[in-house]
$ cat start.cif   # mmCIF, C-alpha atoms
data_input
loop_
_atom_site.label_atom_id
_atom_site.label_comp_id
_atom_site.auth_asym_id
_atom_site.auth_seq_id
_atom_site.Cartn_x
_atom_site.Cartn_y
_atom_site.Cartn_z
CA MET A 1 1.70 -28.59 -5.73
CA LYS A 2 2.00 -25.71 -8.18
CA ILE A 3 0.66 -22.27 -7.30
CA PRO A 4 0.24 -19.58 -9.99
CA ILE A 5 2.10 -16.36 -9.32
CA TYR A 6 2.11 -13.00 -11.07
CA GLN A 7 4.17 -9.93 -10.33
CA ALA A 8 3.16 -6.42 -11.36
CA ASP A 9 4.48 -2.92 -10.70
CA ALA A 10 1.64 -0.82 -9.26
CA PHE A 11 0.97 2.93 -9.33
CA THR A 12 3.24 3.41 -12.32
CA GLY A 13 3.01 3.47 -16.09
CA HIS A 14 6.38 1.85 -16.73
CA LEU A 15 8.29 -1.26 -15.72
CA PHE A 16 10.67 -0.97 -12.75
CA GLY A 17 8.69 1.95 -11.32
CA GLY A 18 6.01 2.08 -8.64
CA ASN A 19 5.73 -0.76 -6.15
CA PRO A 20 6.11 -4.42 -7.16
CA ALA A 21 3.58 -6.86 -5.73
CA ALA A 22 3.12 -10.60 -6.12
CA VAL A 23 -0.36 -12.01 -6.73
CA CYS A 24 -1.33 -15.65 -6.12
CA PRO A 25 -4.87 -16.59 -7.27
CA LEU A 26 -5.97 -19.75 -5.41
CA THR A 27 -8.96 -22.09 -5.45
CA GLU A 28 -8.70 -22.65 -1.67
CA TRP A 29 -6.65 -21.23 1.17
CA LEU A 30 -3.17 -22.38 1.97
CA SER A 31 -2.09 -22.49 5.60
CA ASP A 32 -1.15 -19.15 7.14
CA GLU A 33 2.34 -20.51 7.71
CA LEU A 34 2.80 -21.42 4.05
CA MET A 35 1.46 -18.09 2.80
CA GLN A 36 3.87 -16.28 5.13
CA LYS A 37 6.76 -18.41 3.88
CA ILE A 38 5.87 -17.65 0.25
CA ALA A 39 5.72 -13.92 1.03
CA ALA A 40 9.10 -14.11 2.76
CA GLU A 41 10.57 -16.00 -0.20
CA ASN A 42 9.17 -13.43 -2.64
CA ASN A 43 10.74 -10.69 -0.47
CA LEU A 44 8.46 -8.00 -1.91
CA SER A 45 6.59 -5.38 0.09
CA GLU A 46 3.44 -7.46 -0.33
CA THR A 47 2.18 -10.76 -1.67
CA ALA A 48 -1.59 -11.00 -2.20
CA PHE A 49 -3.46 -14.32 -1.96
CA ILE A 50 -6.98 -14.44 -3.42
CA VAL A 51 -9.75 -17.07 -3.18
CA PRO A 52 -13.26 -16.91 -4.73
CA GLU A 53 -16.04 -16.31 -2.19
CA GLY A 54 -19.55 -16.32 -3.63
CA ASP A 55 -19.68 -13.78 -6.44
CA ASP A 56 -16.69 -11.93 -4.96
CA TYR A 57 -13.11 -12.68 -3.92
CA ARG A 58 -11.44 -12.79 -0.53
CA ILE A 59 -7.99 -11.11 -0.47
CA ARG A 60 -5.20 -11.35 2.12
CA TRP A 61 -1.86 -9.55 2.09
CA PHE A 62 1.47 -10.63 3.57
CA THR A 63 4.70 -8.67 3.89
CA PRO A 64 7.90 -10.73 4.27
CA GLY A 65 7.27 -10.64 8.03
CA VAL A 66 3.56 -10.25 8.84
CA GLU A 67 0.00 -10.29 7.52
CA VAL A 68 -1.51 -6.80 7.19
CA ALA A 69 -5.11 -5.61 7.29
CA LEU A 70 -4.98 -3.36 4.23
CA CYS A 71 -2.73 -2.91 1.19
CA GLY A 72 -3.40 -0.68 -1.78
CA HIS A 73 -0.66 -1.44 -4.28
CA ALA A 74 -1.11 -5.22 -4.07
CA THR A 75 -4.87 -4.74 -4.55
CA LEU A 76 -4.21 -2.65 -7.64
CA ALA A 77 -1.79 -5.30 -8.91
CA SER A 78 -4.36 -8.03 -8.21
CA ALA A 79 -7.06 -6.21 -10.16
CA HIS A 80 -4.61 -5.71 -13.04
CA VAL A 81 -3.93 -9.47 -13.07
CA PHE A 82 -7.67 -10.25 -13.09
CA PHE A 83 -8.37 -7.78 -15.92
CA THR A 84 -5.40 -8.72 -18.13
CA LYS A 85 -4.49 -12.34 -17.34
CA LEU A 86 -7.41 -14.20 -15.77
CA GLY A 87 -10.17 -13.41 -18.27
CA TYR A 88 -12.24 -11.34 -15.84
CA ARG A 89 -14.80 -9.58 -18.06
CA LYS A 90 -16.58 -7.19 -15.72
CA ASN A 91 -15.22 -3.71 -15.00
CA GLN A 92 -15.71 -4.02 -11.25
CA ILE A 93 -14.35 -6.47 -8.70
CA THR A 94 -15.20 -6.65 -5.01
CA PHE A 95 -12.35 -7.89 -2.83
CA LEU A 96 -13.46 -8.93 0.66
CA SER A 97 -10.81 -8.12 3.24
CA LYS A 98 -10.04 -7.61 6.92
CA SER A 99 -10.82 -3.93 6.26
CA GLY A 100 -14.22 -4.66 4.75
CA PRO A 101 -15.37 -4.88 1.10
CA LEU A 102 -13.06 -3.06 -1.33
CA LEU A 103 -14.60 -2.09 -4.67
CA VAL A 104 -12.12 -1.89 -7.56
CA THR A 105 -13.18 -0.37 -10.89
CA ARG A 106 -11.54 -0.32 -14.33
CA GLY A 107 -12.24 2.89 -16.25
CA ALA A 108 -12.61 3.39 -19.98
CA ASP A 109 -8.99 4.59 -20.03
CA GLN A 110 -7.95 1.26 -18.41
CA ARG A 111 -6.88 3.04 -15.23
CA ILE A 112 -7.90 1.30 -12.02
CA THR A 113 -9.63 2.96 -9.05
CA LEU A 114 -9.55 1.54 -5.53
CA ASP A 115 -12.36 2.47 -3.12
CA PHE A 116 -10.95 2.17 0.42
CA PRO A 117 -12.11 3.29 3.88
CA ALA A 118 -10.73 6.71 4.86
CA ASN A 119 -8.39 6.74 7.85
CA PRO A 120 -8.25 10.33 9.17
CA PRO A 121 -5.17 11.02 11.32
CA ILE A 122 -5.53 12.38 14.86
CA PRO A 123 -2.95 14.71 16.50
CA VAL A 124 -0.98 12.91 19.21
CA LYS A 125 -0.68 14.29 22.71
CA GLU A 126 2.60 12.50 23.35
CA VAL A 127 5.07 11.62 20.58
CA PRO A 128 6.37 8.06 21.05
CA ALA A 129 10.03 7.67 21.89
CA GLY A 130 12.22 7.03 18.88
CA LEU A 131 9.84 8.43 16.27
CA LEU A 132 11.36 11.83 15.55
CA GLU A 133 14.79 10.60 16.63
CA GLY A 134 14.63 7.80 14.07
CA LEU A 135 13.64 10.28 11.37
CA ALA A 136 16.19 12.90 12.54
CA MET A 137 13.41 15.51 12.45
CA GLU A 138 12.83 18.54 14.65
CA LYS A 139 11.06 18.02 17.97
CA ASN A 140 8.33 20.50 17.03
CA ALA A 141 7.17 18.53 13.95
CA SER A 142 3.44 17.81 13.81
CA VAL A 143 2.74 14.14 14.59
CA PHE A 144 -0.51 12.27 14.07
CA SER A 145 -1.69 8.74 14.81
CA THR A 146 -4.06 6.40 12.97
CA SER A 147 -5.25 2.83 13.36
CA PHE A 148 -2.22 1.71 11.31
CA ASP A 149 0.62 4.21 11.28
CA TYR A 150 2.03 7.39 12.70
CA MET A 151 2.12 10.34 10.30
CA VAL A 152 4.58 13.24 10.51
CA VAL A 153 4.05 16.47 8.55
CA ALA A 154 7.29 17.95 7.22
CA ALA A 155 7.90 21.60 6.38
CA SER A 156 8.63 20.99 2.68
CA GLN A 157 9.03 18.43 -0.07
CA GLU A 158 12.79 18.95 0.17
CA GLU A 159 12.77 17.80 3.79
CA VAL A 160 10.90 14.63 2.81
CA GLU A 161 13.34 13.96 -0.03
CA GLN A 162 16.37 14.35 2.23
CA LEU A 163 15.22 12.01 5.00
CA ASN A 164 17.75 9.33 5.92
CA PRO A 165 16.06 7.37 8.73
CA ASP A 166 17.75 5.31 11.39
CA PHE A 167 15.67 2.19 10.84
CA LYS A 168 16.83 0.42 14.01
CA THR A 169 15.51 3.29 16.09
CA LEU A 170 12.36 3.69 13.99
CA ALA A 171 11.59 -0.03 14.31
CA LYS A 172 11.10 0.41 18.06
CA VAL A 173 8.03 2.62 17.51
CA GLU A 174 4.92 0.52 18.16
CA ALA A 175 2.94 0.86 14.93
CA ARG A 176 2.71 -0.70 11.50
CA GLY A 177 5.03 2.09 10.33
CA VAL A 178 5.64 5.80 9.86
CA ILE A 179 4.52 8.14 7.07
CA VAL A 180 6.22 11.48 6.42
CA THR A 181 4.29 13.89 4.20
CA ALA A 182 4.48 17.49 2.96
CA LYS A 183 2.93 19.81 0.44
CA GLY A 184 4.30 19.01 -3.02
CA ARG A 185 5.95 21.04 -5.74
CA GLU A 186 4.59 19.14 -8.77
CA SER A 187 1.63 17.60 -6.94
CA ASP A 188 -0.75 18.52 -4.13
CA PHE A 189 1.23 16.47 -1.61
CA VAL A 190 4.12 14.04 -1.37
CA SER A 191 5.11 11.31 1.06
CA ARG A 192 7.57 8.61 2.00
CA CYS A 193 6.63 5.54 4.04
CA PHE A 194 8.83 3.54 6.39
CA TYR A 195 7.84 0.12 7.78
CA PRO A 196 10.85 -1.52 9.48
CA GLN A 197 8.39 -2.95 12.04
CA SER A 198 6.78 -4.93 9.20
CA GLY A 199 10.00 -6.02 7.51
CA ILE A 200 10.10 -3.18 4.93
CA ASP A 201 12.51 -0.30 5.60
CA GLU A 202 10.97 1.92 2.90
CA ASP A 203 7.89 0.97 0.91
CA PRO A 204 8.07 2.30 -2.68
CA VAL A 205 4.35 3.19 -2.99
CA THR A 206 1.76 2.67 -0.27
CA GLY A 207 -1.92 2.81 -1.21
CA SER A 208 -3.18 2.32 2.34
CA ALA A 209 -1.07 5.27 3.53
CA HIS A 210 -2.97 7.49 1.11
CA THR A 211 -6.22 6.75 2.96
CA ILE A 212 -4.49 8.70 5.73
CA THR A 213 -2.65 11.42 3.82
CA THR A 214 -5.59 12.14 1.49
CA SER A 215 -7.88 12.59 4.50
CA TYR A 216 -5.39 15.06 5.99
CA TRP A 217 -4.48 17.11 2.91
CA ALA A 218 -8.08 17.39 1.71
CA GLY A 219 -8.80 19.30 4.89
CA VAL A 220 -5.63 21.40 4.76
CA LEU A 221 -5.93 22.32 1.07
CA GLY A 222 -9.71 22.62 1.04
CA LYS A 223 -10.35 20.28 -1.88
CA ASN A 224 -11.32 16.64 -2.24
CA LYS A 225 -9.47 15.72 -5.45
CA LEU A 226 -5.70 15.64 -5.10
CA GLN A 227 -2.64 14.44 -6.96
CA ALA A 228 0.00 12.63 -4.95
CA ILE A 229 3.56 11.43 -5.49
CA GLN A 230 5.36 8.97 -3.23
CA LEU A 231 9.00 9.98 -3.32
CA SER A 232 10.74 6.62 -3.12
CA ALA A 233 13.53 5.78 -5.55
CA ARG A 234 10.95 4.03 -7.77
CA ARG A 235 8.32 6.77 -7.38
CA GLY A 236 4.57 6.28 -7.41
CA TYR A 237 1.78 8.43 -8.80
CA LEU A 238 -1.80 8.48 -7.50
CA ASP A 239 -4.93 10.50 -8.20
CA CYS A 240 -6.79 10.60 -4.89
CA GLU A 241 -10.30 11.66 -3.92
CA LEU A 242 -11.89 11.96 -0.50
CA SER A 243 -15.58 11.05 -0.76
CA GLY A 244 -17.30 11.01 2.63
CA ASP A 245 -15.72 8.24 4.65
CA ARG A 246 -14.02 6.67 1.61
CA VAL A 247 -10.84 7.43 -0.30
CA ARG A 248 -10.60 6.62 -3.99
CA MET A 249 -7.12 6.09 -5.43
CA THR A 250 -6.57 5.76 -9.16
CA GLY A 251 -3.47 4.49 -10.91
CA THR A 252 -2.07 2.01 -13.38
CA ALA A 253 0.02 -1.16 -13.21
CA VAL A 254 2.48 -2.95 -15.48
CA MET A 255 2.96 -6.73 -15.63
CA TYR A 256 6.47 -7.99 -14.87
CA LEU A 257 6.29 -11.79 -14.68
CA GLN A 258 4.02 -14.82 -14.72
CA GLY A 259 4.96 -18.26 -13.43
CA GLU A 260 4.40 -21.03 -10.90
CA ILE A 261 5.56 -21.69 -7.37
CA GLU A 262 6.41 -25.30 -6.60
CA VAL A 263 5.78 -26.28 -2.97
CA PRO A 264 5.60 -29.76 -1.40
CA GLY A 265 1.92 -29.70 -0.39
CA VAL A 266 -0.58 -28.00 1.83
CA GLY A 267 0.12 -30.25 4.80
CA ASP A 268 3.86 -30.69 4.33
#
$ encode --input "start.cif" --output "structure tokens"
Amino acid sequence: MKIPIYQADAFTGHLFGGNPAAVCPLTEWLSDELMQKIAAENNLSETAFIVPEGDDYRIRWFTPGVEVALCGHATLASAHVFFTKLGYRKNQITFLSKSGPLLVTRGADQRITLDFPANPPIPVKEVPAGLLEGLAMEKNASVFSTSFDYMVVAASQEEVEQLNPDFKTLAKVEARGVIVTAKGRESDFVSRCFYPQSGIDEDPVTGSAHTITTSYWAGVLGKNKLQAIQLSARRGYLDCELSGDRVRMTGTAVMYLQGEIEVPGVGD
């Protein structure tokens, strides 16, 4: 059996930047075990699998280790594949997901906007063991929790840039992962995202994390439209907007490869 596969760099305007994601358009679902094996073999932050469902498309995302409920960069990459490689003519796609319907829109400038549920962070009463130790951050740092991740607010962009986490310690924190964010120098805010629990020590650009950080910084800065940079080695750039209980994230993607995966068969 041959499965089409595409790989695109998301939230960047140039190759080898942003966050690479694999996209596998399917006509019917593979087994969960096979999709997880393909994601592990790809060894990217995320592999998206997509199947038509009525007039829309059902999307699922797998890291090398687990299936996740929401992923922004692989959704952006998927939309880019639909718009540029699969002959999709409309300017809007609805991806059905474990986090509800996700509307994706292509603008006149060819930039792509994701409409995701906002995920406002809540201050924690008790910081979990290993969190600040794993980040080597001060004990008085502000820590928040969400349905996915913990979020830590750093004093400056420089502190975020200089982080050198102990991933073995950080992996013991019970969450999808940990976001560290601060006010930015060249943007409204910056972040780095660490997911050793999910098989990714540092994610280059994390769309779903910006449903959290945008919700937070909109309140702190008193404005709903913000520019964000994720400070990984590859860097990612997002225009974010808080609109009620939704966060819109706009960016671009660049195609890297197109090919086929050869696997024995669905039941093998």
$ closest_residue --input "start.cif" --among "A:Leu30, A:Cys24, A:Met249, A:Ala141" --to "Arg106 in chain A" --atoms "all atoms listed in the file"
A:Met249
$ residues_around --input "start.cif" --residues "range 188-202 of chain A" --least-positions-apart "4" --cutoff "7 Å" --atoms "all atoms listed in the file" --output "PyMOL selection string"
chain A and resi 45+63-66+157+160+167+171+176-184+226-232
$ resolve_selection --input "start.cif" --expression "the PyMOL selection byres ((chain A and resi 13-23) around 7)" --output "PyMOL selection string"
chain A and resi 5-12+24-25+44-49+73-74+77-78+204-205+234-236+252-254
$ resolve_selection --input "start.cif" --expression "the PyMOL selection byres ((chain A and resi 99) around 9)" --output "ChimeraX atom specification"
/A:69-70,96-98,100-102,116-117
$ atom_distance --input "start.cif" --atom1 "CA of Gly251 in chain A" --atom2 "CA of Tyr237 in chain A"
6.9 Å
$ resolve_selection --input "start.cif" --expression "the PyMOL selection byres ((chain A and resi 239-245) around 6)" --output "VMD selection string"
chain A and resid 118 224 to 227 238 246 to 250
$ residues_around --input "start.cif" --residues "Tyr88 in chain A" --least-positions-apart "4" --cutoff "12 Å" --atoms "only C-alpha atoms" --output "ChimeraX atom specification"
/A:56,78-84,92-93,106
$ closest_residue --input "start.cif" --among "A:Ala218, A:Ile3, A:Ile59, A:Leu103" --to "Leu34 in chain A" --atoms "only C-alpha atoms"
A:Ile3
$ atom_distance --input "start.cif" --atom1 "CA of Leu221 in chain A" --atom2 "CA of Ala136 in chain A"
26.6 Å
$ atom_distance --input "start.cif" --atom1 "CA of Met35 in chain A" --atom2 "CA of Thr211 in chain A"
26.0 Å
$ residues_near_point --input "start.cif" --point "(-2.1, 0.4, 20.3)" --cutoff "9 Å" --atoms "all atoms listed in the file" --output "list of chain:residue names"
A:Ser147, A:Glu174, A:Ala175
